[in-house]
file structure-v1.cif (mmCIF, C-alpha atoms)
data_final
loop_
_atom_site.label_atom_id
_atom_site.label_comp_id
_atom_site.auth_asym_id
_atom_site.auth_seq_id
_atom_site.Cartn_x
_atom_site.Cartn_y
_atom_site.Cartn_z
CA MET Z 1 28.32 91.44 79.09
CA ILE Z 2 25.91 88.73 80.28
CA LYS Z 3 22.42 89.78 79.21
CA GLN Z 4 20.32 86.74 80.14
CA ASP Z 5 18.55 86.65 83.49
CA TYR Z 6 19.42 83.40 85.26
CA SER Z 7 17.66 84.14 88.57
CA HIS Z 8 15.08 81.37 88.14
CA ASN Z 9 17.90 78.89 87.39
CA PHE Z 10 19.62 79.80 90.66
CA LYS Z 11 16.38 79.11 92.54
CA SER Z 12 16.11 75.71 90.80
CA LEU Z 13 19.45 74.62 92.26
CA ASN Z 14 17.61 73.81 95.51
CA ASP Z 15 15.40 71.31 93.62
CA ILE Z 16 18.20 69.03 92.41
CA ASP Z 17 18.12 65.42 93.54
CA TRP Z 18 21.77 65.22 94.61
CA GLN Z 19 23.59 61.89 94.29
CA ARG Z 20 27.00 60.94 95.61
CA ASP Z 21 29.56 60.94 92.80
CA ASP Z 22 30.01 57.15 92.99
CA ALA Z 23 26.26 56.63 92.42
CA PHE Z 24 25.81 59.14 89.59
CA ASP Z 25 24.95 57.81 86.13
CA PHE Z 26 27.19 59.67 83.69
CA SER Z 27 25.65 60.06 80.24
CA ALA Z 28 27.78 59.72 77.12
CA SER Z 29 27.27 63.43 76.41
CA LEU Z 30 29.09 64.52 79.59
CA ASP Z 31 32.83 64.77 80.11
CA SER Z 32 32.97 63.32 83.63
CA SER Z 33 36.40 64.81 84.36
CA TRP Z 34 34.80 68.26 84.72
CA LEU Z 35 32.26 67.03 87.26
CA LEU Z 36 34.88 65.12 89.23
CA GLU Z 37 37.52 67.89 89.19
CA GLN Z 38 38.99 68.29 92.68
CA GLY Z 39 40.87 71.51 91.96
CA SER Z 40 39.68 74.88 90.71
CA LEU Z 41 37.12 74.82 87.89
CA SER Z 42 38.07 78.44 87.25
CA ARG Z 43 41.65 77.43 86.51
CA LEU Z 44 40.41 74.59 84.31
CA PHE Z 45 38.12 76.98 82.41
CA LEU Z 46 41.08 79.32 81.86
CA GLN Z 47 42.76 76.55 79.86
CA HIS Z 48 39.86 76.80 77.37
CA CYS Z 49 39.43 80.57 77.01
CA GLN Z 50 41.29 83.87 76.95
CA LYS Z 51 39.31 85.74 79.63
CA LEU Z 52 37.31 84.45 82.60
CA SER Z 53 35.08 86.67 84.71
CA ALA Z 54 32.41 86.34 87.36
CA HIS Z 55 29.30 88.45 86.88
CA VAL Z 56 27.89 88.90 90.38
CA VAL Z 57 24.13 88.28 90.61
CA GLN Z 58 24.01 88.69 94.37
CA ASN Z 59 26.37 88.78 97.32
CA ILE Z 60 24.15 88.88 100.42
CA ARG Z 61 23.81 87.53 103.94
CA ILE Z 62 21.11 84.92 104.44
CA GLU Z 63 19.88 83.53 107.73
CA ALA Z 64 20.16 79.86 108.72
CA ASP Z 65 16.41 79.30 108.35
CA GLN Z 66 16.78 79.95 104.60
CA LEU Z 67 19.10 76.95 104.15
CA THR Z 68 17.80 73.63 102.85
CA ASP Z 69 18.24 70.46 104.92
CA PHE Z 70 20.95 69.33 102.48
CA GLN Z 71 22.84 72.61 102.87
CA ARG Z 72 22.63 72.42 106.68
CA CYS Z 73 23.94 68.87 106.58
CA MET Z 74 26.91 69.99 104.49
CA ILE Z 75 27.97 73.21 106.26
CA GLY Z 76 26.03 73.54 109.49
CA ASP Z 77 23.11 75.61 110.70
CA GLU Z 78 24.24 79.23 110.71
CA ALA Z 79 23.85 82.43 108.75
CA CYS Z 80 25.87 82.54 105.52
CA LEU Z 81 27.15 84.83 102.85
CA LEU Z 82 25.41 83.80 99.62
CA ARG Z 83 27.41 84.61 96.50
CA GLU Z 84 25.77 83.87 93.14
CA VAL Z 85 27.66 84.47 89.93
CA VAL Z 86 27.52 83.76 86.24
CA LEU Z 87 30.97 82.56 85.23
CA ALA Z 88 31.75 83.73 81.70
CA ALA Z 89 34.52 82.58 79.42
CA ASP Z 90 35.31 85.09 76.68
CA ASP Z 91 32.00 86.81 77.58
CA GLU Z 92 30.00 83.62 77.05
CA ALA Z 93 28.12 82.18 80.05
CA TRP Z 94 29.51 78.74 80.97
CA LEU Z 95 28.47 78.21 84.59
CA LEU Z 96 26.18 79.42 87.34
CA GLY Z 97 27.93 79.33 90.68
CA SER Z 98 26.23 79.58 94.06
CA THR Z 99 28.44 79.62 97.14
CA LEU Z 100 27.33 79.55 100.76
CA ILE Z 101 30.02 80.68 103.18
CA PRO Z 102 29.12 80.39 106.88
CA ILE Z 103 29.69 83.71 108.62
CA SER Z 104 32.09 81.96 111.01
CA SER Z 105 34.20 80.93 107.97
CA LEU Z 106 34.68 84.60 107.07
CA SER Z 107 36.35 85.54 110.35
CA ASP Z 108 40.13 85.44 110.54
CA ALA Z 109 40.23 84.36 106.90
CA GLN Z 110 43.31 84.60 104.73
CA PHE Z 111 41.21 86.38 102.04
CA ASP Z 112 38.13 88.60 102.35
CA LEU Z 113 35.70 86.48 100.34
CA ALA Z 114 32.86 88.92 101.08
CA LYS Z 115 34.61 91.42 98.79
CA GLN Z 116 35.54 89.01 95.99
CA GLY Z 117 33.83 91.12 93.32
CA THR Z 118 34.21 89.93 89.73
CA VAL Z 119 37.17 87.65 90.44
CA PRO Z 120 36.11 83.98 90.15
CA LEU Z 121 36.08 82.47 93.64
CA GLY Z 122 38.18 79.46 92.63
CA LEU Z 123 41.07 81.70 91.63
CA THR Z 124 41.22 83.04 95.19
CA VAL Z 125 40.31 79.97 97.24
CA PHE Z 126 42.90 77.74 95.61
CA GLN Z 127 45.65 80.23 96.54
CA ALA Z 128 45.03 79.54 100.24
CA GLN Z 129 47.54 77.63 102.31
CA GLU Z 130 45.23 74.67 102.86
CA VAL Z 131 42.40 73.79 100.45
CA LYS Z 132 40.53 70.54 100.07
CA ARG Z 133 37.22 69.42 98.60
CA ASN Z 134 34.90 66.73 99.89
CA GLY Z 135 31.24 65.79 99.96
CA LEU Z 136 30.96 65.83 96.16
CA HIS Z 137 27.39 65.36 94.93
CA LEU Z 138 26.20 65.41 91.32
CA GLY Z 139 22.84 65.90 89.67
CA MET Z 140 20.93 66.87 86.58
CA LEU Z 141 18.44 69.71 86.25
CA ASP Z 142 15.77 70.22 83.61
CA THR Z 143 15.72 73.91 82.73
CA ASP Z 144 14.49 76.14 79.94
CA LEU Z 145 18.09 75.88 78.65
CA GLY Z 146 18.03 72.06 78.50
CA HIS Z 147 18.96 69.09 80.69
CA LEU Z 148 21.99 70.44 82.55
CA ALA Z 149 24.65 68.87 84.77
CA ALA Z 150 25.35 70.23 88.24
CA ARG Z 151 27.68 69.52 91.10
CA CYS Z 152 27.81 70.50 94.73
CA SER Z 153 30.74 70.08 97.08
CA ARG Z 154 32.15 71.34 100.31
CA LEU Z 155 35.34 73.32 99.97
CA TRP Z 156 37.56 73.74 102.99
CA MET Z 157 39.87 76.73 103.05
CA ASN Z 158 42.21 76.67 106.05
CA ASP Z 159 39.83 74.26 107.85
CA LYS Z 160 36.76 76.49 107.30
CA PRO Z 161 33.90 75.18 105.12
CA MET Z 162 31.90 76.64 102.29
CA LEU Z 163 29.37 74.97 100.00
CA VAL Z 164 29.83 75.46 96.28
CA THR Z 165 27.04 74.56 93.85
CA GLU Z 166 27.72 74.78 90.11
CA LEU Z 167 25.34 74.44 87.16
CA PHE Z 168 27.06 73.89 83.83
CA LEU Z 169 25.39 75.96 81.12
CA PRO Z 170 24.94 74.62 77.54
CA ARG Z 171 28.07 76.33 76.10
CA SER Z 172 30.33 74.86 78.80
CA PRO Z 173 33.02 72.45 77.59
CA ILE Z 174 31.68 69.76 79.95
CA TYR Z 175 29.23 68.76 77.21
CA ARG Z 176 30.88 66.61 74.56
CA ILE Z 177 28.20 67.70 72.12
CA ASN Z 178 27.83 71.46 71.92
CA SER Z 179 24.08 71.37 72.29
CA VAL Z 180 22.17 70.26 75.35
CA LYS Z 181 19.14 68.05 74.72
#
call {"tool": "encode", "arguments": {"input": "structure-v1.cif", "output": "C-alpha coordinates"}}
result
Amino acid sequence: MIKQDYSHNFKSLNDIDWQRDDAFDFSASLDSSWLLEQGSLSRLFLQHCQKLSAHVVQNIRIEADQLTDFQRCMIGDEACLLREVVLAADDEAWLLGSTLIPISSLSDAQFDLAKQGTVPLGLTVFQAQEVKRNGLHLGMLDTDLGHLAARCSRLWMNDKPMLVTELFLPRSPIYRINSVK
(Lines of atoms letter the chains of each structure in order from A and count residues from 1; the text may use other names and numbers.)
(Lines give C-alpha, C1' and ligand atoms only; values in the text may rest on other atoms or scores of the structure.)
Protein backbone atom coordinates (compact mmCIF):
# COMPACT_ATOMS: atom_id res chain seq x y z
CA MET A 1 0.00 0.00 0.00
CA ILE A 2 1.43 3.38 -1.06
CA LYS A 3 0.88 5.79 1.82
CA GLN A 4 2.75 8.89 0.66
CA ASP A 5 0.86 11.65 -1.14
CA TYR A 6 2.66 12.48 -4.38
CA SER A 7 0.09 14.95 -5.76
CA HIS A 8 2.44 17.95 -5.55
CA ASN A 9 5.13 15.93 -7.40
CA PHE A 10 2.70 15.25 -10.25
CA LYS A 11 2.00 18.99 -10.53
CA SER A 12 5.77 19.66 -10.65
CA LEU A 13 6.13 17.54 -13.79
CA ASN A 14 4.88 20.53 -15.81
CA ASP A 15 7.84 22.61 -14.51
CA ILE A 16 10.60 20.40 -15.92
CA ASP A 17 12.98 21.96 -18.41
CA TRP A 18 12.83 19.15 -20.98
CA GLN A 19 15.91 18.44 -23.10
CA ARG A 20 16.23 16.15 -26.08
CA ASP A 21 17.96 12.92 -25.11
CA ASP A 22 21.05 13.74 -27.21
CA ALA A 23 21.52 17.03 -25.32
CA PHE A 24 20.94 15.69 -21.79
CA ASP A 25 23.89 15.67 -19.38
CA PHE A 26 23.84 12.27 -17.67
CA SER A 27 25.31 12.34 -14.17
CA ALA A 28 27.46 9.48 -12.91
CA SER A 29 24.72 8.55 -10.43
CA LEU A 30 22.20 7.70 -13.18
CA ASP A 31 21.98 4.48 -15.15
CA SER A 32 21.26 6.01 -18.57
CA SER A 33 19.87 2.75 -19.99
CA TRP A 34 16.69 3.25 -17.94
CA LEU A 35 16.13 6.75 -19.30
CA LEU A 36 16.83 5.68 -22.87
CA GLU A 37 14.74 2.48 -22.76
CA GLN A 38 12.60 2.26 -25.89
CA GLY A 39 10.46 -0.64 -24.71
CA SER A 40 8.25 -1.04 -21.66
CA LEU A 41 9.66 0.27 -18.38
CA SER A 42 7.06 -1.89 -16.66
CA ARG A 43 8.58 -5.02 -18.18
CA LEU A 44 12.05 -3.81 -17.25
CA PHE A 45 10.94 -3.15 -13.66
CA LEU A 46 9.51 -6.69 -13.50
CA GLN A 47 13.04 -8.02 -14.02
CA HIS A 48 13.99 -6.38 -10.70
CA CYS A 49 11.01 -7.26 -8.48
CA GLN A 50 8.43 -9.95 -7.76
CA LYS A 51 5.26 -7.83 -8.04
CA LEU A 52 4.56 -4.65 -9.99
CA SER A 53 1.39 -2.62 -9.55
CA ALA A 54 0.01 0.77 -10.51
CA HIS A 55 -1.72 2.72 -7.76
CA VAL A 56 -4.11 5.04 -9.59
CA VAL A 57 -4.00 8.64 -8.34
CA GLN A 58 -6.42 9.91 -10.96
CA ASN A 59 -7.94 8.81 -14.24
CA ILE A 60 -9.88 11.82 -15.55
CA ARG A 61 -10.71 13.74 -18.70
CA ILE A 62 -9.01 17.11 -19.06
CA GLU A 63 -9.75 19.76 -21.65
CA ALA A 64 -7.23 20.96 -24.23
CA ASP A 65 -6.83 24.34 -22.50
CA GLN A 66 -5.28 22.52 -19.51
CA LEU A 67 -2.37 21.23 -21.61
CA THR A 68 1.02 22.94 -21.57
CA ASP A 69 2.55 24.23 -24.80
CA PHE A 70 5.03 21.33 -24.70
CA GLN A 71 2.23 18.79 -24.33
CA ARG A 72 0.27 20.34 -27.23
CA CYS A 73 3.38 20.23 -29.39
CA MET A 74 3.82 16.53 -28.63
CA ILE A 75 0.24 15.21 -28.97
CA GLY A 76 -1.95 17.95 -30.40
CA ASP A 77 -4.55 20.32 -29.04
CA GLU A 78 -7.49 18.21 -27.89
CA ALA A 79 -9.11 16.91 -24.74
CA CYS A 80 -7.28 13.98 -23.14
CA LEU A 81 -7.63 11.22 -20.63
CA LEU A 82 -5.12 11.98 -17.86
CA ARG A 83 -3.93 8.88 -16.01
CA GLU A 84 -1.60 9.40 -13.05
CA VAL A 85 -0.19 6.44 -11.18
CA VAL A 86 2.42 5.51 -8.64
CA LEU A 87 4.21 2.46 -9.99
CA ALA A 88 5.24 0.21 -7.11
CA ALA A 89 7.65 -2.69 -7.16
CA ASP A 90 7.12 -5.10 -4.28
CA ASP A 91 4.96 -2.38 -2.66
CA GLU A 92 7.76 0.19 -2.82
CA ALA A 93 7.17 3.33 -4.93
CA TRP A 94 9.63 3.47 -7.84
CA LEU A 95 8.01 5.79 -10.38
CA LEU A 96 5.33 8.41 -10.87
CA GLY A 97 3.69 8.03 -14.26
CA SER A 98 1.51 10.62 -15.94
CA THR A 99 -0.05 9.70 -19.27
CA LEU A 100 -2.06 11.96 -21.56
CA ILE A 101 -4.14 10.05 -24.10
CA PRO A 102 -6.00 12.21 -26.64
CA ILE A 103 -9.68 11.29 -26.70
CA SER A 104 -9.34 10.51 -30.42
CA SER A 105 -6.67 7.91 -29.53
CA LEU A 106 -9.19 6.06 -27.37
CA SER A 107 -11.65 5.42 -30.19
CA ASP A 108 -11.40 2.15 -32.10
CA ALA A 109 -8.49 1.14 -29.86
CA GLN A 110 -7.28 -2.41 -29.50
CA PHE A 111 -7.43 -2.02 -25.68
CA ASP A 112 -9.68 0.14 -23.49
CA LEU A 113 -6.99 2.26 -21.84
CA ALA A 114 -9.63 4.29 -19.98
CA LYS A 115 -10.33 1.19 -17.88
CA GLN A 116 -6.72 0.14 -17.28
CA GLY A 117 -7.14 0.10 -13.49
CA THR A 118 -4.15 -1.11 -11.48
CA VAL A 119 -2.42 -2.81 -14.41
CA PRO A 120 0.71 -0.84 -15.41
CA LEU A 121 0.05 0.85 -18.76
CA GLY A 122 3.27 -0.44 -20.33
CA LEU A 123 2.16 -4.04 -19.84
CA THR A 124 -0.89 -3.36 -22.01
CA VAL A 125 0.47 -0.91 -24.57
CA PHE A 126 3.41 -3.09 -25.54
CA GLN A 127 1.03 -5.97 -26.34
CA ALA A 128 -0.47 -3.94 -29.19
CA GLN A 129 0.17 -4.87 -32.79
CA GLU A 130 2.16 -1.73 -33.54
CA VAL A 131 4.00 0.22 -30.82
CA LYS A 132 6.78 2.74 -31.18
CA ARG A 133 8.28 5.51 -29.08
CA ASN A 134 9.64 8.85 -30.26
CA GLY A 135 10.12 12.41 -29.08
CA LEU A 136 12.15 11.33 -26.05
CA HIS A 137 12.96 14.23 -23.71
CA LEU A 138 14.81 14.03 -20.39
CA GLY A 139 15.06 16.30 -17.38
CA MET A 140 15.81 16.63 -13.71
CA LEU A 141 13.44 17.87 -11.02
CA ASP A 142 14.27 19.17 -7.56
CA THR A 143 11.68 17.79 -5.16
CA ASP A 144 11.25 17.24 -1.45
CA LEU A 145 12.45 13.68 -2.22
CA GLY A 146 15.70 14.84 -3.84
CA HIS A 147 17.04 15.68 -7.30
CA LEU A 148 15.12 13.21 -9.47
CA ALA A 149 15.41 12.10 -13.10
CA ALA A 150 12.42 12.25 -15.43
CA ARG A 151 11.61 11.38 -19.00
CA CYS A 152 8.82 12.22 -21.37
CA SER A 153 8.09 10.55 -24.68
CA ARG A 154 5.37 10.03 -27.20
CA LEU A 155 4.14 6.47 -27.48
CA TRP A 156 2.30 5.40 -30.58
CA MET A 157 -0.06 2.46 -30.30
CA ASN A 158 -1.48 1.44 -33.67
CA ASP A 159 -0.64 4.91 -35.08
CA LYS A 160 -2.42 6.76 -32.24
CA PRO A 161 -0.34 8.95 -29.89
CA MET A 162 -0.15 9.31 -26.14
CA LEU A 163 2.31 11.28 -24.02
CA VAL A 164 3.98 9.44 -21.17
CA THR A 165 5.86 11.36 -18.47
CA GLU A 166 7.78 9.41 -15.83
CA LEU A 167 9.51 10.61 -12.66
CA PHE A 168 11.92 8.10 -11.16
CA LEU A 169 11.56 8.02 -7.38
CA PRO A 170 14.61 7.60 -5.07
CA ARG A 171 14.21 3.80 -4.60
CA SER A 172 14.11 3.17 -8.35
CA PRO A 173 16.99 1.10 -9.77
CA ILE A 174 17.83 3.92 -12.20
CA TYR A 175 19.99 5.46 -9.47
CA ARG A 176 23.35 3.75 -9.19
CA ILE A 177 23.58 4.95 -5.62
CA ASN A 178 20.54 4.06 -3.55
CA SER A 179 20.14 7.55 -2.18
CA VAL A 180 19.24 10.63 -4.15
CA LYS A 181 21.20 13.78 -3.32
call {"tool": "residues_around", "arguments": {"input": "structure-v1.cif", "residues": "Leu113 in chain Z", "least_positions_apart": "6", "cutoff": "9 Å", "atoms": "all atoms listed in the file", "output": "list in words"}}
result
Ile101, Leu106, Leu121, Thr124 and Val125 of chain Z
call {"tool": "atom_distance", "arguments": {"input": "structure-v1.cif", "atom1": "CA of Leu41 in chain Z", "atom2": "CA of Cys73 in chain Z"}}
result
23.6 Å
call {"tool": "closest_residue", "arguments": {"input": "structure-v1.cif", "among": "Z:Cys152, Z:Ala79, Z:Val164, Z:Leu138", "to": "Asp21 in chain Z", "atoms": "all atoms listed in the file"}}
result
Z:Leu138
call {"tool": "resolve_selection", "arguments": {"input": "structure-v1.cif", "expression": "the PyMOL selection byres ((chain Z and resi 61) around 9)", "output": "JSON, numbers by chain"}}
result
{"Z": [59, 60, 62, 63, 79, 80, 81, 82, 83, 103]}
call {"tool": "closest_residue", "arguments": {"input": "structure-v1.cif", "among": "Z:Asp144, Z:Asp159, Z:Asp77, Z:Asp90", "to": "Gln47 in chain Z", "atoms": "all atoms listed in the file"}}
result
Z:Asp90
call {"tool": "residues_around", "arguments": {"input": "structure-v1.cif", "residues": "range 1-18 of chain Z", "least_positions_apart": "4", "cutoff": "7 Å", "atoms": "all atoms listed in the file", "output": "ChimeraX atom specification"}}
result
/Z:91,93,137-141
call {"tool": "atom_distance", "arguments": {"input": "structure-v1.cif", "atom1": "CA of Gln50 in chain Z", "atom2": "CA of Phe126 in chain Z"}}
result
19.7 Å
call {"tool": "closest_residue", "arguments": {"input": "structure-v1.cif", "among": "Z:Leu35, Z:Cys49, Z:Val57, Z:Leu100", "to": "Met162 in chain Z", "atoms": "all atoms listed in the file"}}
result
Z:Leu100
call {"tool": "atom_distance", "arguments": {"input": "structure-v1.cif", "atom1": "CA of Ser98 in chain Z", "atom2": "CA of Gly135 in chain Z"}}
result
15.8 Å
call {"tool": "resolve_selection", "arguments": {"input": "structure-v1.cif", "expression": "the PyMOL selection byres ((chain Z and resi 157) around 9)", "output": "count of residues only"}}
result
18
call {"tool": "closest_residue", "arguments": {"input": "structure-v1.cif", "among": "Z:Val56, Z:Ala88, Z:Leu96, Z:Ala23", "to": "Ala114 in chain Z", "atoms": "all atoms listed in the file"}}
result
Z:Val56
call {"tool": "closest_residue", "arguments": {"input": "structure-v1.cif", "among": "Z:Ser40, Z:Leu52, Z:Leu30, Z:Gly146", "to": "Trp94 in chain Z", "atoms": "all atoms listed in the file"}}
result
Z:Leu52
call {"tool": "closest_residue", "arguments": {"input": "structure-v1.cif", "among": "Z:Asp22, Z:Asp31, Z:Glu84, Z:Glu166", "to": "Gln116 in chain Z", "atoms": "all atoms listed in the file"}}
result
Z:Glu84
call {"tool": "build_atoms", "arguments": {"input": "structure-v1.cif", "residues": "range 6-36 of chain Z", "atoms": "N, CA and C atoms", "output": "PDB file, keeping the file's coordinate frame"}}
result
ATOM      1  N   TYR Z   6      19.345  84.783  84.806  1.00  0.00           N
ATOM      2  CA  TYR Z   6      19.420  83.400  85.260  1.00  0.00           C
ATOM      3  C   TYR Z   6      18.819  83.208  86.653  1.00  0.00           C
ATOM      4  N   SER Z   7      18.121  84.217  87.192  1.00  0.00           N
ATOM      5  CA  SER Z   7      17.660  84.140  88.570  1.00  0.00           C
ATOM      6  C   SER Z   7      16.792  82.916  88.845  1.00  0.00           C
ATOM      7  N   HIS Z   8      15.920  82.547  87.916  1.00  0.00           N
ATOM      8  CA  HIS Z   8      15.080  81.370  88.140  1.00  0.00           C
ATOM      9  C   HIS Z   8      15.903  80.085  88.130  1.00  0.00           C
ATOM     10  N   ASN Z   9      17.023  80.064  87.387  1.00  0.00           N
ATOM     11  CA  ASN Z   9      17.900  78.890  87.390  1.00  0.00           C
ATOM     12  C   ASN Z   9      18.622  78.746  88.722  1.00  0.00           C
ATOM     13  N   PHE Z  10      19.003  79.862  89.337  1.00  0.00           N
ATOM     14  CA  PHE Z  10      19.620  79.800  90.660  1.00  0.00           C
ATOM     15  C   PHE Z  10      18.640  79.207  91.674  1.00  0.00           C
ATOM     16  N   LYS Z  11      17.384  79.642  91.620  1.00  0.00           N
ATOM     17  CA  LYS Z  11      16.380  79.110  92.540  1.00  0.00           C
ATOM     18  C   LYS Z  11      16.191  77.608  92.344  1.00  0.00           C
ATOM     19  N   SER Z  12      16.294  77.138  91.113  1.00  0.00           N
ATOM     20  CA  SER Z  12      16.110  75.710  90.800  1.00  0.00           C
ATOM     21  C   SER Z  12      17.215  74.836  91.369  1.00  0.00           C
ATOM     22  N   LEU Z  13      18.352  75.416  91.716  1.00  0.00           N
ATOM     23  CA  LEU Z  13      19.450  74.620  92.260  1.00  0.00           C
ATOM     24  C   LEU Z  13      19.036  73.884  93.543  1.00  0.00           C
ATOM     25  N   ASN Z  14      18.086  74.443  94.276  1.00  0.00           N
ATOM     26  CA  ASN Z  14      17.610  73.810  95.510  1.00  0.00           C
ATOM     27  C   ASN Z  14      16.721  72.602  95.235  1.00  0.00           C
ATOM     28  N   ASP Z  15      16.302  72.408  93.974  1.00  0.00           N
ATOM     29  CA  ASP Z  15      15.400  71.310  93.620  1.00  0.00           C
ATOM     30  C   ASP Z  15      16.134  70.083  93.069  1.00  0.00           C
ATOM     31  N   ILE Z  16      17.439  70.147  92.982  1.00  0.00           N
ATOM     32  CA  ILE Z  16      18.200  69.030  92.410  1.00  0.00           C
ATOM     33  C   ILE Z  16      18.195  67.844  93.362  1.00  0.00           C
ATOM     34  N   ASP Z  17      18.017  66.670  92.790  1.00  0.00           N
ATOM     35  CA  ASP Z  17      18.120  65.420  93.540  1.00  0.00           C
ATOM     36  C   ASP Z  17      19.604  65.034  93.540  1.00  0.00           C
ATOM     37  N   TRP Z  18      20.328  65.449  94.559  1.00  0.00           N
ATOM     38  CA  TRP Z  18      21.770  65.220  94.610  1.00  0.00           C
ATOM     39  C   TRP Z  18      22.095  63.758  94.859  1.00  0.00           C
ATOM     40  N   GLN Z  19      23.106  63.257  94.140  1.00  0.00           N
ATOM     41  CA  GLN Z  19      23.590  61.890  94.290  1.00  0.00           C
ATOM     42  C   GLN Z  19      25.079  61.937  94.571  1.00  0.00           C
ATOM     43  N   ARG Z  20      25.548  61.028  95.392  1.00  0.00           N
ATOM     44  CA  ARG Z  20      27.000  60.940  95.610  1.00  0.00           C
ATOM     45  C   ARG Z  20      27.657  60.641  94.263  1.00  0.00           C
ATOM     46  N   ASP Z  21      28.880  61.092  94.092  1.00  0.00           N
ATOM     47  CA  ASP Z  21      29.560  60.940  92.800  1.00  0.00           C
ATOM     48  C   ASP Z  21      29.702  59.475  92.385  1.00  0.00           C
ATOM     49  N   ASP Z  22      29.853  58.558  93.348  1.00  0.00           N
ATOM     50  CA  ASP Z  22      30.010  57.150  92.990  1.00  0.00           C
ATOM     51  C   ASP Z  22      28.689  56.476  92.616  1.00  0.00           C
ATOM     52  N   ALA Z  23      27.561  57.171  92.783  1.00  0.00           N
ATOM     53  CA  ALA Z  23      26.260  56.630  92.420  1.00  0.00           C
ATOM     54  C   ALA Z  23      25.655  57.332  91.202  1.00  0.00           C
ATOM     55  N   PHE Z  24      26.333  58.337  90.695  1.00  0.00           N
ATOM     56  CA  PHE Z  24      25.810  59.140  89.590  1.00  0.00           C
ATOM     57  C   PHE Z  24      25.966  58.405  88.265  1.00  0.00           C
ATOM     58  N   ASP Z  25      24.932  58.455  87.443  1.00  0.00           N
ATOM     59  CA  ASP Z  25      24.950  57.810  86.130  1.00  0.00           C
ATOM     60  C   ASP Z  25      25.389  58.841  85.083  1.00  0.00           C
ATOM     61  N   PHE Z  26      26.651  58.741  84.670  1.00  0.00           N
ATOM     62  CA  PHE Z  26      27.190  59.670  83.690  1.00  0.00           C
ATOM     63  C   PHE Z  26      26.677  59.326  82.295  1.00  0.00           C
ATOM     64  N   SER Z  27      26.098  60.302  81.608  1.00  0.00           N
ATOM     65  CA  SER Z  27      25.650  60.060  80.240  1.00  0.00           C
ATOM     66  C   SER Z  27      26.839  60.209  79.297  1.00  0.00           C
ATOM     67  N   ALA Z  28      26.697  59.661  78.103  1.00  0.00           N
ATOM     68  CA  ALA Z  28      27.780  59.720  77.120  1.00  0.00           C
ATOM     69  C   ALA Z  28      28.044  61.153  76.656  1.00  0.00           C
ATOM     70  N   SER Z  29      27.087  62.054  76.873  1.00  0.00           N
ATOM     71  CA  SER Z  29      27.270  63.430  76.410  1.00  0.00           C
ATOM     72  C   SER Z  29      28.052  64.294  77.389  1.00  0.00           C
ATOM     73  N   LEU Z  30      28.371  63.753  78.578  1.00  0.00           N
ATOM     74  CA  LEU Z  30      29.090  64.520  79.590  1.00  0.00           C
ATOM     75  C   LEU Z  30      30.550  64.082  79.681  1.00  0.00           C
ATOM     76  N   ASP Z  31      31.419  65.049  79.821  1.00  0.00           N
ATOM     77  CA  ASP Z  31      32.830  64.770  80.110  1.00  0.00           C
ATOM     78  C   ASP Z  31      32.947  64.713  81.631  1.00  0.00           C
ATOM     79  N   SER Z  32      33.016  63.508  82.177  1.00  0.00           N
ATOM     80  CA  SER Z  32      32.970  63.320  83.630  1.00  0.00           C
ATOM     81  C   SER Z  32      34.129  63.989  84.358  1.00  0.00           C
ATOM     82  N   SER Z  33      35.251  64.216  83.679  1.00  0.00           N
ATOM     83  CA  SER Z  33      36.400  64.810  84.360  1.00  0.00           C
ATOM     84  C   SER Z  33      36.083  66.214  84.893  1.00  0.00           C
ATOM     85  N   TRP Z  34      35.198  66.933  84.234  1.00  0.00           N
ATOM     86  CA  TRP Z  34      34.800  68.260  84.720  1.00  0.00           C
ATOM     87  C   TRP Z  34      34.013  68.147  86.019  1.00  0.00           C
ATOM     88  N   LEU Z  35      33.088  67.196  86.063  1.00  0.00           N
ATOM     89  CA  LEU Z  35      32.260  67.030  87.260  1.00  0.00           C
ATOM     90  C   LEU Z  35      33.068  66.513  88.439  1.00  0.00           C
ATOM     91  N   LEU Z  36      34.090  65.731  88.162  1.00  0.00           N
ATOM     92  CA  LEU Z  36      34.880  65.120  89.230  1.00  0.00           C
ATOM     93  C   LEU Z  36      36.122  65.927  89.600  1.00  0.00           C
TER      94      LEU Z  36
END
